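So this block is final10.txt, compact mmCIF, C-alpha atoms and all ligand atoms:
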```txt
# COMPACT_ATOMS: atom_id res chain seq x y z
CA MET A 1 53.99 109.21 76.40
CA ALA A 2 53.12 108.66 72.75
CA SER A 3 55.90 106.79 71.03
CA THR A 4 56.95 108.36 67.76
CA THR A 5 58.94 107.07 64.82
CA GLN A 6 62.70 107.43 65.23
CA LEU A 7 65.05 108.06 62.32
CA LYS A 8 68.84 107.74 62.25
CA LEU A 9 71.41 110.45 61.64
CA ASN A 10 74.83 109.70 60.15
CA THR A 11 76.27 110.25 63.65
CA GLY A 12 74.38 107.19 64.89
CA ALA A 13 72.00 109.33 66.95
CA SER A 14 68.22 108.99 66.64
CA ILE A 15 66.01 111.90 65.67
CA PRO A 16 62.27 111.76 66.36
CA ALA A 17 60.49 111.98 63.00
CA LEU A 18 57.78 114.22 64.40
CA GLY A 19 59.24 117.47 65.72
CA PHE A 20 57.79 120.75 66.90
CA GLY A 21 58.36 124.10 65.15
CA THR A 22 58.61 127.33 67.14
CA TRP A 23 58.92 130.12 64.57
CA GLN A 24 56.51 133.06 65.19
CA ASP A 25 54.08 133.69 68.06
CA LYS A 26 57.00 134.20 70.43
CA ASP A 27 54.76 134.99 73.41
CA ALA A 28 52.82 131.75 72.99
CA GLN A 29 55.84 129.47 72.70
CA GLU A 30 56.48 128.67 76.37
CA GLU A 31 52.99 127.20 76.73
CA ALA A 32 53.09 125.64 73.24
CA VAL A 33 56.39 123.86 73.93
CA TYR A 34 55.10 122.71 77.33
CA LEU A 35 51.95 121.30 75.69
CA ALA A 36 53.96 119.69 72.92
CA ILE A 37 56.24 117.87 75.34
CA LYS A 38 53.34 116.95 77.61
CA ASN A 39 51.59 115.37 74.65
CA GLY A 40 54.63 113.39 73.53
CA TYR A 41 56.86 115.50 71.25
CA ARG A 42 60.56 115.01 71.97
CA HIS A 43 62.11 116.96 69.07
CA ILE A 44 61.96 120.76 69.31
CA ASP A 45 63.12 123.12 66.57
CA THR A 46 64.13 126.70 67.33
CA ALA A 47 66.62 129.27 66.02
CA ARG A 48 68.57 132.25 67.33
CA VAL A 49 66.64 134.60 65.05
CA TYR A 50 63.18 133.38 66.17
CA GLY A 51 63.81 134.83 69.62
CA THR A 52 62.08 131.74 71.03
CA GLU A 53 65.03 130.02 72.72
CA PRO A 54 64.15 131.36 76.21
CA ALA A 55 60.51 130.30 75.77
CA VAL A 56 61.63 126.84 74.61
CA ALA A 57 63.77 126.54 77.75
CA ALA A 58 60.86 127.62 79.96
CA GLY A 59 58.46 125.19 78.25
CA ILE A 60 60.93 122.33 78.72
CA LYS A 61 61.38 123.22 82.37
CA LYS A 62 57.63 123.33 82.94
CA ALA A 63 57.22 119.93 81.25
CA GLY A 64 59.85 118.47 83.56
CA VAL A 65 61.27 116.01 81.05
CA PRO A 66 64.94 115.02 81.46
CA ARG A 67 67.23 116.78 78.98
CA GLU A 68 68.52 113.51 77.55
CA GLU A 69 65.01 112.56 76.43
CA LEU A 70 64.84 115.58 74.16
CA PHE A 71 66.25 116.26 70.71
CA LEU A 72 66.90 119.98 70.64
CA VAL A 73 67.74 121.88 67.45
CA THR A 74 68.80 125.49 67.08
CA LYS A 75 70.36 127.53 64.29
CA LEU A 76 73.22 129.92 63.80
CA TRP A 77 72.00 133.25 62.51
CA ASN A 78 73.51 135.16 59.57
CA ASN A 79 75.02 137.89 61.76
CA SER A 80 77.44 135.40 63.36
CA HIS A 81 79.00 133.67 60.36
CA ASP A 82 82.48 135.00 61.00
CA PRO A 83 84.36 131.92 62.25
CA LYS A 84 85.40 133.77 65.39
CA SER A 85 81.74 134.52 66.22
CA VAL A 86 80.32 131.03 65.80
CA GLU A 87 81.11 129.50 69.18
CA LYS A 88 80.06 132.71 70.93
CA ALA A 89 76.73 132.60 69.11
CA LEU A 90 76.21 128.97 70.13
CA ASP A 91 77.11 129.84 73.73
CA ALA A 92 74.41 132.54 73.72
CA SER A 93 71.87 130.04 72.37
CA LEU A 94 72.87 127.44 74.97
CA LYS A 95 72.49 130.03 77.71
CA ASP A 96 68.99 130.98 76.52
CA LEU A 97 68.08 127.32 76.08
CA ASP A 98 69.43 126.62 79.57
CA THR A 99 71.39 123.59 78.42
CA ASP A 100 75.00 122.51 77.88
CA TYR A 101 74.51 121.18 74.37
CA VAL A 102 72.17 121.02 71.43
CA ASP A 103 71.49 117.77 69.62
CA LEU A 104 71.75 119.51 66.26
CA TYR A 105 73.20 122.90 65.33
CA LEU A 106 72.29 124.17 61.88
CA MET A 107 73.64 127.02 59.80
CA HIS A 108 70.31 128.73 59.14
CA TRP A 109 71.25 130.12 55.69
CA PRO A 110 74.44 130.07 53.62
CA SER A 111 74.34 133.88 53.42
CA PRO A 112 76.44 135.96 55.84
CA PHE A 113 75.31 139.34 57.15
CA LYS A 114 77.66 141.96 58.51
CA ASP A 115 78.97 140.41 61.71
CA GLY A 116 77.79 141.92 65.02
CA ASP A 117 74.95 142.03 67.53
CA ASP A 118 72.39 143.34 65.08
CA LEU A 119 70.31 140.47 63.67
CA PHE A 120 69.47 142.50 60.55
CA PRO A 121 72.29 145.03 60.05
CA LYS A 122 70.96 147.63 57.62
CA GLU A 123 71.95 150.56 55.53
CA GLY A 124 68.71 152.26 54.59
CA ASP A 125 66.38 149.40 53.81
CA LYS A 126 69.18 147.08 52.60
CA THR A 127 70.51 144.26 54.77
CA LEU A 128 74.29 144.45 54.78
CA PRO A 129 76.11 141.32 53.62
CA GLY A 130 79.12 139.98 55.48
CA ASP A 131 82.27 138.52 54.01
CA ALA A 132 82.46 135.16 55.81
CA ASP A 133 82.47 132.13 53.52
CA TYR A 134 79.97 129.48 54.62
CA VAL A 135 82.70 126.83 54.34
CA ASP A 136 84.73 128.64 57.02
CA THR A 137 81.58 129.15 59.11
CA TYR A 138 80.89 125.43 58.92
CA LYS A 139 84.48 124.60 59.93
CA ALA A 140 83.93 126.71 63.06
CA MET A 141 80.76 124.70 63.71
CA GLU A 142 82.85 121.50 63.48
CA GLU A 143 84.89 122.83 66.40
CA CYS A 144 81.67 123.16 68.44
CA VAL A 145 81.12 119.41 67.99
CA LYS A 146 84.65 118.70 69.22
CA LYS A 147 83.88 120.75 72.34
CA GLY A 148 80.66 118.82 72.99
CA LYS A 149 78.43 121.89 72.61
CA ALA A 150 76.69 120.41 69.57
CA LYS A 151 76.19 116.67 69.17
CA ALA A 152 75.75 117.11 65.43
CA ILE A 153 75.87 119.88 62.85
CA GLY A 154 74.07 120.56 59.62
CA VAL A 155 72.66 123.27 57.40
CA SER A 156 69.44 124.79 56.18
CA ASN A 157 68.39 126.44 52.91
CA PHE A 158 71.45 125.42 50.88
CA SER A 159 71.41 124.88 47.12
CA LYS A 160 72.83 121.68 45.63
CA ALA A 161 76.01 123.43 44.48
CA GLU A 162 76.48 124.89 47.98
CA MET A 163 76.02 121.41 49.49
CA GLU A 164 78.49 119.87 47.06
CA ARG A 165 81.10 122.48 47.87
CA LEU A 166 80.60 121.91 51.59
CA LEU A 167 81.11 118.16 51.15
CA LYS A 168 84.23 118.74 49.10
CA GLU A 169 85.88 121.30 51.36
CA THR A 170 85.05 120.16 54.89
CA SER A 171 85.49 116.90 56.77
CA THR A 172 82.07 116.47 58.42
CA VAL A 173 79.19 115.36 56.22
CA PRO A 174 76.24 117.40 57.53
CA ALA A 175 73.99 115.26 59.73
CA ALA A 176 70.90 117.06 58.47
CA HIS A 177 69.62 119.59 55.97
CA GLN A 178 66.49 121.48 57.00
CA LEU A 179 64.62 122.71 53.95
CA GLU A 180 61.20 123.66 52.68
CA CYS A 181 59.43 120.46 51.66
CA HIS A 182 55.76 119.48 51.42
CA PRO A 183 53.51 117.77 48.87
CA TRP A 184 53.54 120.90 46.68
CA LEU A 185 57.35 121.24 46.79
CA GLN A 186 58.68 117.70 46.95
CA GLN A 187 62.23 118.13 45.63
CA ALA A 188 62.41 114.40 44.91
CA ALA A 189 65.76 114.51 43.10
CA PHE A 190 67.38 116.65 45.79
CA ASP A 191 65.93 114.35 48.47
CA ALA A 192 67.40 111.31 46.70
CA TRP A 193 70.78 113.09 46.56
CA HIS A 194 70.68 113.53 50.35
CA LYS A 195 69.84 109.87 50.85
CA GLU A 196 72.80 108.89 48.69
CA LYS A 197 75.11 111.08 50.80
CA GLY A 198 73.65 109.96 54.16
CA ILE A 199 72.25 113.40 55.03
CA HIS A 200 68.96 113.43 56.89
CA VAL A 201 66.31 115.82 55.57
CA THR A 202 64.00 117.75 57.88
CA GLN A 203 60.96 119.27 56.21
CA TYR A 204 60.14 122.79 57.33
CA SER A 205 56.76 124.36 56.56
CA PRO A 206 55.38 120.83 56.12
CA PHE A 207 51.90 122.34 55.55
CA GLY A 208 53.14 124.55 52.67
CA ASN A 209 51.17 127.78 52.45
CA GLN A 210 49.49 127.29 55.83
CA ASN A 211 52.04 129.72 57.29
CA ALA A 212 50.24 133.08 57.05
CA ILE A 213 53.48 134.90 56.18
CA TYR A 214 53.71 133.14 52.81
CA SER A 215 51.78 135.72 50.76
CA LYS A 216 52.64 133.90 47.53
CA GLY A 217 50.23 131.15 48.60
CA GLU A 218 47.29 133.45 49.29
CA ASN A 219 45.17 132.68 46.26
CA LEU A 220 46.14 129.07 45.76
CA GLY A 221 43.85 127.33 48.20
CA LYS A 222 45.34 125.49 51.15
CA LEU A 223 47.70 122.59 50.68
CA ILE A 224 46.16 120.80 53.68
CA GLU A 225 42.77 120.97 51.90
CA ASP A 226 44.14 119.40 48.73
CA PRO A 227 41.39 116.91 47.68
CA THR A 228 43.85 114.03 47.30
CA LEU A 229 45.22 114.51 50.83
CA VAL A 230 41.71 114.82 52.23
CA ALA A 231 40.47 111.72 50.37
CA ILE A 232 43.44 109.64 51.52
CA GLY A 233 42.86 110.92 55.06
CA LYS A 234 39.27 109.62 55.03
CA LYS A 235 40.57 106.08 54.56
CA TYR A 236 42.62 106.33 57.78
CA GLY A 237 40.35 108.64 59.79
CA LYS A 238 42.96 111.42 59.47
CA SER A 239 42.97 115.04 58.24
CA GLY A 240 44.78 116.40 55.18
CA ALA A 241 47.34 117.99 57.54
CA GLN A 242 48.06 114.64 59.19
CA VAL A 243 48.41 112.95 55.79
CA ALA A 244 50.92 115.63 54.70
CA LEU A 245 53.05 114.81 57.77
CA ALA A 246 52.77 111.03 57.33
CA TRP A 247 53.91 111.40 53.70
CA GLY A 248 57.15 113.12 54.80
CA ILE A 249 57.82 110.45 57.40
CA ALA A 250 57.09 107.69 54.85
CA HIS A 251 59.99 109.15 52.84
CA GLY A 252 62.31 108.92 55.85
CA ARG A 253 62.30 112.65 56.61
CA SER A 254 61.48 114.39 59.85
CA VAL A 255 58.70 116.99 59.87
CA ILE A 256 58.40 119.95 62.24
CA PRO A 257 54.85 121.38 62.19
CA LYS A 258 54.18 124.44 64.30
CA SER A 259 51.03 125.19 66.27
CA LYS A 260 50.13 127.02 69.46
CA THR A 261 46.70 125.38 69.79
CA GLU A 262 46.54 122.26 71.95
CA HIS A 263 44.13 120.24 69.84
CA ARG A 264 46.26 120.89 66.74
CA ILE A 265 49.46 120.15 68.64
CA LYS A 266 47.95 116.76 69.51
CA GLN A 267 46.49 116.24 66.05
CA ASN A 268 49.84 116.91 64.39
CA LEU A 269 51.57 114.35 66.59
CA GLU A 270 49.07 111.83 65.26
CA GLY A 271 50.38 112.61 61.80
CA ASP A 272 52.98 109.96 62.63
CA PHE A 273 51.17 106.95 61.16
CA HIS A 274 51.81 104.42 58.40
CA LEU A 275 50.61 105.29 54.91
CA GLU A 276 50.29 102.44 52.44
CA ALA A 277 52.69 102.58 49.50
CA GLU A 278 49.89 103.25 46.98
CA ASP A 279 48.86 106.34 48.96
CA VAL A 280 52.44 107.60 49.21
CA LYS A 281 52.61 107.25 45.43
CA LYS A 282 49.41 109.23 44.94
CA ILE A 283 50.81 112.07 47.05
CA ASP A 284 54.10 111.88 45.12
CA SER A 285 52.11 112.91 42.06
CA LEU A 286 50.90 116.18 43.65
CA ASP A 287 54.19 118.09 43.26
CA LYS A 288 53.66 121.63 41.92
CA LYS A 289 57.25 122.81 42.52
CA LEU A 290 55.76 125.62 44.57
CA ARG A 291 58.25 127.27 46.90
CA PHE A 292 56.91 129.74 49.46
CA ASN A 293 60.06 130.77 51.34
CA ASP A 294 62.65 132.54 49.16
CA PRO A 295 64.25 135.69 50.62
CA SER A 296 66.62 136.07 47.63
CA GLY A 297 67.63 139.68 47.21
CA SER A 298 66.66 140.74 50.71
CA PHE A 299 69.37 138.71 52.50
CA GLY A 300 72.37 140.82 51.56
CA GLY A 301 71.69 140.15 47.90
CA TRP A 302 72.16 136.35 48.10
CA ASN A 303 70.38 134.34 45.43
CA PHE A 304 69.08 131.13 47.03
CA TYR A 305 68.12 127.76 45.56
CA THR A 306 69.45 128.61 42.09
CA ASP A 307 69.69 124.95 41.03
CA LEU A 308 66.58 123.64 42.86
CA ASP A 309 62.91 123.11 42.11
CA GLY A 310 60.52 125.95 42.74
CA LYS A 311 62.96 128.71 41.85
CA ALA A 312 60.79 131.46 40.37
P1 LIG B 1 53.84 124.93 59.17
O1 LIG B 1 53.83 124.26 57.84
O2 LIG B 1 54.20 124.14 60.35
O3 LIG B 1 52.42 125.63 59.37
C1 LIG B 1 52.15 126.29 60.56
C2 LIG B 1 50.77 126.90 60.58
O4 LIG B 1 49.78 125.94 60.22
C3 LIG B 1 50.41 127.33 61.99
O5 LIG B 1 50.77 128.67 62.21
C4 LIG B 1 48.92 127.13 62.06
O6 LIG B 1 48.29 128.30 61.65
C5 LIG B 1 48.65 126.07 61.05
N1 LIG B 1 48.37 124.73 61.61
C6 LIG B 1 49.16 124.00 62.45
N2 LIG B 1 48.62 122.80 62.69
C7 LIG B 1 47.46 122.75 61.98
C8 LIG B 1 46.46 121.76 61.80
N3 LIG B 1 46.57 120.57 62.40
N4 LIG B 1 45.42 122.06 61.01
C9 LIG B 1 45.32 123.24 60.39
N5 LIG B 1 46.24 124.21 60.50
C10 LIG B 1 47.30 123.98 61.28
O7 LIG B 1 54.76 126.22 59.01
P2 LIG B 1 56.11 126.81 59.57
O8 LIG B 1 55.92 127.36 60.94
O9 LIG B 1 56.58 127.72 58.50
O10 LIG B 1 57.14 125.58 59.62
C11 LIG B 1 57.29 124.77 60.75
C12 LIG B 1 58.59 125.03 61.48
O11 LIG B 1 59.69 124.86 60.61
C13 LIG B 1 58.78 126.48 61.99
O12 LIG B 1 58.00 126.76 63.12
C14 LIG B 1 60.27 126.50 62.22
O13 LIG B 1 60.59 125.84 63.43
C15 LIG B 1 60.76 125.72 61.01
N6 LIG B 1 61.12 126.59 59.85
C16 LIG B 1 62.43 126.69 59.50
C17 LIG B 1 62.81 127.49 58.43
C18 LIG B 1 64.27 127.57 58.05
O14 LIG B 1 64.65 128.52 57.35
N7 LIG B 1 65.09 126.63 58.46
C19 LIG B 1 61.85 128.21 57.71
C20 LIG B 1 60.51 128.07 58.07
C21 LIG B 1 60.17 127.26 59.14
```

Here is a file; write its structure as structure tokens.
Amino acid sequence: MASTTQLKLNTGASIPALGFGTWQDKDAQEEAVYLAIKNGYRHIDTARVYGTEPAVAAGIKKAGVPREELFLVTKLWNNSHDPKSVEKALDASLKDLDTDYVDLYLMHWPSPFKDGDDLFPKEGDKTLPGDADYVDTYKAMEECVKKGKAKAIGVSNFSKAEMERLLKETSTVPAAHQLECHPWLQQAAFDAWHKEKGIHVTQYSPFGNQNAIYSKGENLGKLIEDPTLVAIGKKYGKSGAQVALAWGIAHGRSVIPKSKTEHRIKQNLEGDFHLEAEDVKKIDSLDKKLRFNDPSGSFGGWNFYTDLDGKA
């Protein structure tokens, strides 16, 4: 097994710096997760809304790795923010993941939808908002830790003001914040704020506009082909994609690239390598404050990231 860099959460637990994303390509995820684990990944990221929890479970089973060797992350979806729905939602995820606990349970977004079975409750083409306050939702997640169903809890896609309110009004400092971060959206000040508070940052979409769904990035060229990343890669015998991953890890963050292709799955794992400080610095200068994932307006009218970089 390849040994990957381990980072520490504020719970004392270790999180492998190189994780595996499973959003999209639902039908390919069982094999992809199997290949990922076979090749050495031990941190798998899924979410209720991806519909990939059963495939993740099947991939893990096929790989035959003991549960305690894995760091498994899933996320609470917006339709289950009502405090009385939270544990039920986690139970459903645990059932699909075929496990008794997750290593990290994240609130996927701060924005509640109308509570119920429908993942996207709609009236016409509008997604209906719910009335649960994310602070109360988070308090219900704290109860899941007490019951041993989640080893740690955290959030995803919160603004700074939302984070500050959470810290002020609840008693568990989030173990992690999963957010969009890559060399074109570095969020250096927000990252430093997390370090100061002891909150681990996981970078999603670590390849920026490589995710085909991000139409905003269509005419910008590919982040992973950025000449600086490619030139730095030449020095180490690595690709631009691998350099983008190593840069996140050099900053103490975990990265969760997604791929369903074995050679890329392997290649991405080899993005866990040491970059010299001068190269990290060069990549630090590439920030374009370019955010690709902002569903503001379409998620029950919520306006995300209002105080963060890359807000259009
Ligand atoms: P990503 O940055 O991981 O890019 C994925 C795409 O890049 C793949 O579909 C593939 O086409 C391509 N790719 C993968 N490896 C490559 C390589 N070595 N060379 C060239 N191209 C390569 O994008 P992502 O899927 O958006 O993000 C990763 C994971 O983060 C997701 O799968 C999901 O688990 C998580 N995520 C979470 C949120 C959230 O709201 N919390 C949002 C987006 C993604």

Enumerate residues in contact with ligand LIG 1 (chain B): an atom-to-atom distance of at most 8 Å, counting all atoms listed in the file. Format the result as a count of residues only.
-> 44

What is the distance, in Å and to one decimal place, between CA of Lys282 (chain A) and CA of Leu18 (chain A)?
->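 Answer for the CA of Lys282 (chain A) to CA of Leu18 (chain A) separation: 21.8 Å.
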
Output as lines of an AutoDock Vina configuration file the centre and edge lengths (Å, one decimal) of the box along x, y and z of the file that holds every listed atom of region 219-225 of chain A after adding 6 Å on each side.
```
center_x = 45.2
center_y = 126.7
center_z = 49.7
size_x = 16.9
size_y = 23.9
size_z = 19.9
```

Radius query 8 Å about (68.0, 115.3, 73.7), atoms used: all atoms listed in the file, as a list in words |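 These residues have at least one counted atom within 8 Å: Arg42, His43, Arg67, Glu68, Glu69, Leu70, Phe71, Leu72, Val102 and Asp103 of chain A.
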
How many Å lie between CA of Glu87 (chain A) and CA of Ser171 (chain A), rounded to one decimal?
->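 Taking CA of Glu87 (chain A) as the start and CA of Ser171 (chain A) as the end point, the length is 18.2 Å.
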
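Using only C-alpha atoms for every distance, the candidate list A:Ile283, A:Leu269, A:Leu128, A:Ala176 yields A:Leu269 as the residue closest to Asn39 (chain A).
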
Give the answer as one residue: which of A:Val33, A:Ala244, A:Ala161, A:Leu104 has the shortest atom-to-atom distance to Leu185 (chain A), using all atoms listed in the file?
->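 Using all atoms listed in the file, Leu185 (chain A) sits closest to A:Ala244.
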
If you count only C-alpha atoms, which residues fall within 10 Å of Gly300 (chain A), apart from same-chain ones fewer than 5 positions away, as a ChimeraX atom specification?
-> /A:78,111-114,120-122,126-130,295

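From CA of Met163 (chain A) back to CA of Thr137 (chain A), the distance works out to 13.5 Å.
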
Near-Tyr105 (chain A) list (12 Å; only C-alpha atoms; drop same-chain fewer than 5 positions) as a ChimeraX atom specification | /A:45-48,71-77,86-87,89-91,93-94,138,140-145,148-156,174-178

Which residues, written as a count of residues only, have at least one atom at most 10 Å from Lys38 (chain A), with all atoms listed in the file counted and residues fewer than 2 positions away on the same chain left out?
-> 17

Out of A:Ser296, A:Ile37, A:Lys289, A:Thr5, which residue has the shortest atom-to-atom distance to Pro66 (chain A) when counting all atoms listed in the file?
->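 For Pro66 (chain A), the nearest of the given residues is A:Ile37.
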
Point out the residue among A:Lys216, A:His194, A:His274, A:His200 with the least atom-to-atom distance to Lys160 (chain A), counting all atoms listed in the file.
-> A:His194

Between A:Phe273, A:Asp279, A:Val173, A:Phe299, single out the one closest to Val230 (chain A), counting only C-alpha atoms.
->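 The shortest atom-to-atom distance to Val230 (chain A) comes from A:Asp279.
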
Taking into account all atoms listed in the file, which residue in the set A:Gly198, A:Ala277, A:Trp184, A:Leu106 is nearest to Thr11 (chain A)?
->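 Ranked by minimum distance to Thr11 (chain A), first place goes to A:Gly198.
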
Might you pull out every residue within 12 Å of Asp307 (chain A), with all atoms listed in the file counted and same-chain residues fewer than 2 positions away left off, and present them as a list in words?
->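 Residues meeting the cut-off are Phe158, Ser159, Lys160, Ala161, Glu162, Met163, Glu164, Gln187, Ala189, Phe190, Asn303, Phe304, Tyr305, Asp309, Gly310, Lys311 and Ala312 of chain A.
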
Need the neighbours of (65.7, 129.1, 73.9): which residues are at most 8 Å away, counting all atoms listed in the file, as a ChimeraX atom specification?
-> /A:46-48,51-58,93-98

Pull C-alpha atoms from the residues just selected and write them as a PDB file, keeping the file's coordinate frame.
```
ATOM      1  CA  THR A  46      64.130 126.700  67.330  1.00  0.00           C
ATOM      2  CA  ALA A  47      66.620 129.270  66.020  1.00  0.00           C
ATOM      3  CA  ARG A  48      68.570 132.250  67.330  1.00  0.00           C
ATOM      4  CA  GLY A  51      63.810 134.830  69.620  1.00  0.00           C
ATOM      5  CA  THR A  52      62.080 131.740  71.030  1.00  0.00           C
ATOM      6  CA  GLU A  53      65.030 130.020  72.720  1.00  0.00           C
ATOM      7  CA  PRO A  54      64.150 131.360  76.210  1.00  0.00           C
ATOM      8  CA  ALA A  55      60.510 130.300  75.770  1.00  0.00           C
ATOM      9  CA  VAL A  56      61.630 126.840  74.610  1.00  0.00           C
ATOM     10  CA  ALA A  57      63.770 126.540  77.750  1.00  0.00           C
ATOM     11  CA  ALA A  58      60.860 127.620  79.960  1.00  0.00           C
ATOM     12  CA  SER A  93      71.870 130.040  72.370  1.00  0.00           C
ATOM     13  CA  LEU A  94      72.870 127.440  74.970  1.00  0.00           C
ATOM     14  CA  LYS A  95      72.490 130.030  77.710  1.00  0.00           C
ATOM     15  CA  ASP A  96      68.990 130.980  76.520  1.00  0.00           C
ATOM     16  CA  LEU A  97      68.080 127.320  76.080  1.00  0.00           C
ATOM     17  CA  ASP A  98      69.430 126.620  79.570  1.00  0.00           C
TER      18      ASP A  98
END
```

Generate the missing atoms of region 175-198 of chain A up to N, CA and C atoms and report them as a PDB file, in the frame of the given file.
```
ATOM      1  N   ALA A 175      74.903 116.300  59.233  1.00  0.00           N
ATOM      2  CA  ALA A 175      73.990 115.260  59.730  1.00  0.00           C
ATOM      3  C   ALA A 175      72.591 115.482  59.179  1.00  0.00           C
ATOM      4  N   ALA A 176      72.259 116.761  58.927  1.00  0.00           N
ATOM      5  CA  ALA A 176      70.900 117.060  58.470  1.00  0.00           C
ATOM      6  C   ALA A 176      70.880 118.324  57.623  1.00  0.00           C
ATOM      7  N   HIS A 177      69.900 118.377  56.741  1.00  0.00           N
ATOM      8  CA  HIS A 177      69.620 119.590  55.970  1.00  0.00           C
ATOM      9  C   HIS A 177      68.141 119.903  56.206  1.00  0.00           C
ATOM     10  N   GLN A 178      67.882 121.069  56.772  1.00  0.00           N
ATOM     11  CA  GLN A 178      66.490 121.480  57.000  1.00  0.00           C
ATOM     12  C   GLN A 178      66.069 122.374  55.837  1.00  0.00           C
ATOM     13  N   LEU A 179      65.016 121.973  55.147  1.00  0.00           N
ATOM     14  CA  LEU A 179      64.620 122.710  53.950  1.00  0.00           C
ATOM     15  C   LEU A 179      63.109 122.689  53.767  1.00  0.00           C
ATOM     16  N   GLU A 180      62.636 123.626  52.944  1.00  0.00           N
ATOM     17  CA  GLU A 180      61.200 123.660  52.680  1.00  0.00           C
ATOM     18  C   GLU A 180      60.821 122.421  51.869  1.00  0.00           C
ATOM     19  N   CYS A 181      59.866 121.668  52.373  1.00  0.00           N
ATOM     20  CA  CYS A 181      59.430 120.460  51.660  1.00  0.00           C
ATOM     21  C   CYS A 181      58.018 120.097  52.122  1.00  0.00           C
ATOM     22  N   HIS A 182      57.155 119.857  51.161  1.00  0.00           N
ATOM     23  CA  HIS A 182      55.760 119.480  51.420  1.00  0.00           C
ATOM     24  C   HIS A 182      55.206 118.916  50.111  1.00  0.00           C
ATOM     25  N   PRO A 183      53.991 118.396  50.103  1.00  0.00           N
ATOM     26  CA  PRO A 183      53.510 117.770  48.870  1.00  0.00           C
ATOM     27  C   PRO A 183      53.489 118.688  47.639  1.00  0.00           C
ATOM     28  N   TRP A 184      53.502 119.997  47.833  1.00  0.00           N
ATOM     29  CA  TRP A 184      53.540 120.900  46.680  1.00  0.00           C
ATOM     30  C   TRP A 184      54.959 121.344  46.311  1.00  0.00           C
ATOM     31  N   LEU A 185      55.932 120.991  47.124  1.00  0.00           N
ATOM     32  CA  LEU A 185      57.350 121.240  46.790  1.00  0.00           C
ATOM     33  C   LEU A 185      58.133 120.022  47.294  1.00  0.00           C
ATOM     34  N   GLN A 186      58.173 119.003  46.473  1.00  0.00           N
ATOM     35  CA  GLN A 186      58.680 117.700  46.950  1.00  0.00           C
ATOM     36  C   GLN A 186      60.184 117.558  46.834  1.00  0.00           C
ATOM     37  N   GLN A 187      60.781 118.190  45.827  1.00  0.00           N
ATOM     38  CA  GLN A 187      62.230 118.130  45.630  1.00  0.00           C
ATOM     39  C   GLN A 187      62.749 116.689  45.646  1.00  0.00           C
ATOM     40  N   ALA A 188      62.083 115.829  44.875  1.00  0.00           N
ATOM     41  CA  ALA A 188      62.410 114.400  44.910  1.00  0.00           C
ATOM     42  C   ALA A 188      63.867 114.119  44.542  1.00  0.00           C
ATOM     43  N   ALA A 189      64.376 114.793  43.519  1.00  0.00           N
ATOM     44  CA  ALA A 189      65.760 114.510  43.100  1.00  0.00           C
ATOM     45  C   ALA A 189      66.749 114.969  44.174  1.00  0.00           C
ATOM     46  N   PHE A 190      66.492 116.120  44.748  1.00  0.00           N
ATOM     47  CA  PHE A 190      67.380 116.650  45.790  1.00  0.00           C
ATOM     48  C   PHE A 190      67.308 115.739  47.032  1.00  0.00           C
ATOM     49  N   ASP A 191      66.109 115.268  47.337  1.00  0.00           N
ATOM     50  CA  ASP A 191      65.930 114.350  48.470  1.00  0.00           C
ATOM     51  C   ASP A 191      66.739 113.068  48.235  1.00  0.00           C
ATOM     52  N   ALA A 192      66.664 112.549  47.020  1.00  0.00           N
ATOM     53  CA  ALA A 192      67.400 111.310  46.700  1.00  0.00           C
ATOM     54  C   ALA A 192      68.911 111.562  46.835  1.00  0.00           C
ATOM     55  N   TRP A 193      69.364 112.736  46.430  1.00  0.00           N
ATOM     56  CA  TRP A 193      70.780 113.090  46.560  1.00  0.00           C
ATOM     57  C   TRP A 193      71.205 113.037  48.035  1.00  0.00           C
ATOM     58  N   HIS A 194      70.363 113.566  48.906  1.00  0.00           N
ATOM     59  CA  HIS A 194      70.680 113.530  50.350  1.00  0.00           C
ATOM     60  C   HIS A 194      70.763 112.100  50.862  1.00  0.00           C
ATOM     61  N   LYS A 195      69.834 111.269  50.396  1.00  0.00           N
ATOM     62  CA  LYS A 195      69.840 109.870  50.850  1.00  0.00           C
ATOM     63  C   LYS A 195      71.145 109.202  50.433  1.00  0.00           C
ATOM     64  N   GLU A 196      71.550 109.474  49.213  1.00  0.00           N
ATOM     65  CA  GLU A 196      72.800 108.890  48.690  1.00  0.00           C
ATOM     66  C   GLU A 196      73.999 109.332  49.531  1.00  0.00           C
ATOM     67  N   LYS A 197      73.978 110.553  50.023  1.00  0.00           N
ATOM     68  CA  LYS A 197      75.110 111.080  50.800  1.00  0.00           C
ATOM     69  C   LYS A 197      74.970 110.813  52.308  1.00  0.00           C
ATOM     70  N   GLY A 198      73.851 110.240  52.724  1.00  0.00           N
ATOM     71  CA  GLY A 198      73.650 109.960  54.160  1.00  0.00           C
ATOM     72  C   GLY A 198      73.305 111.201  54.961  1.00  0.00           C
TER      73      GLY A 198
END
```
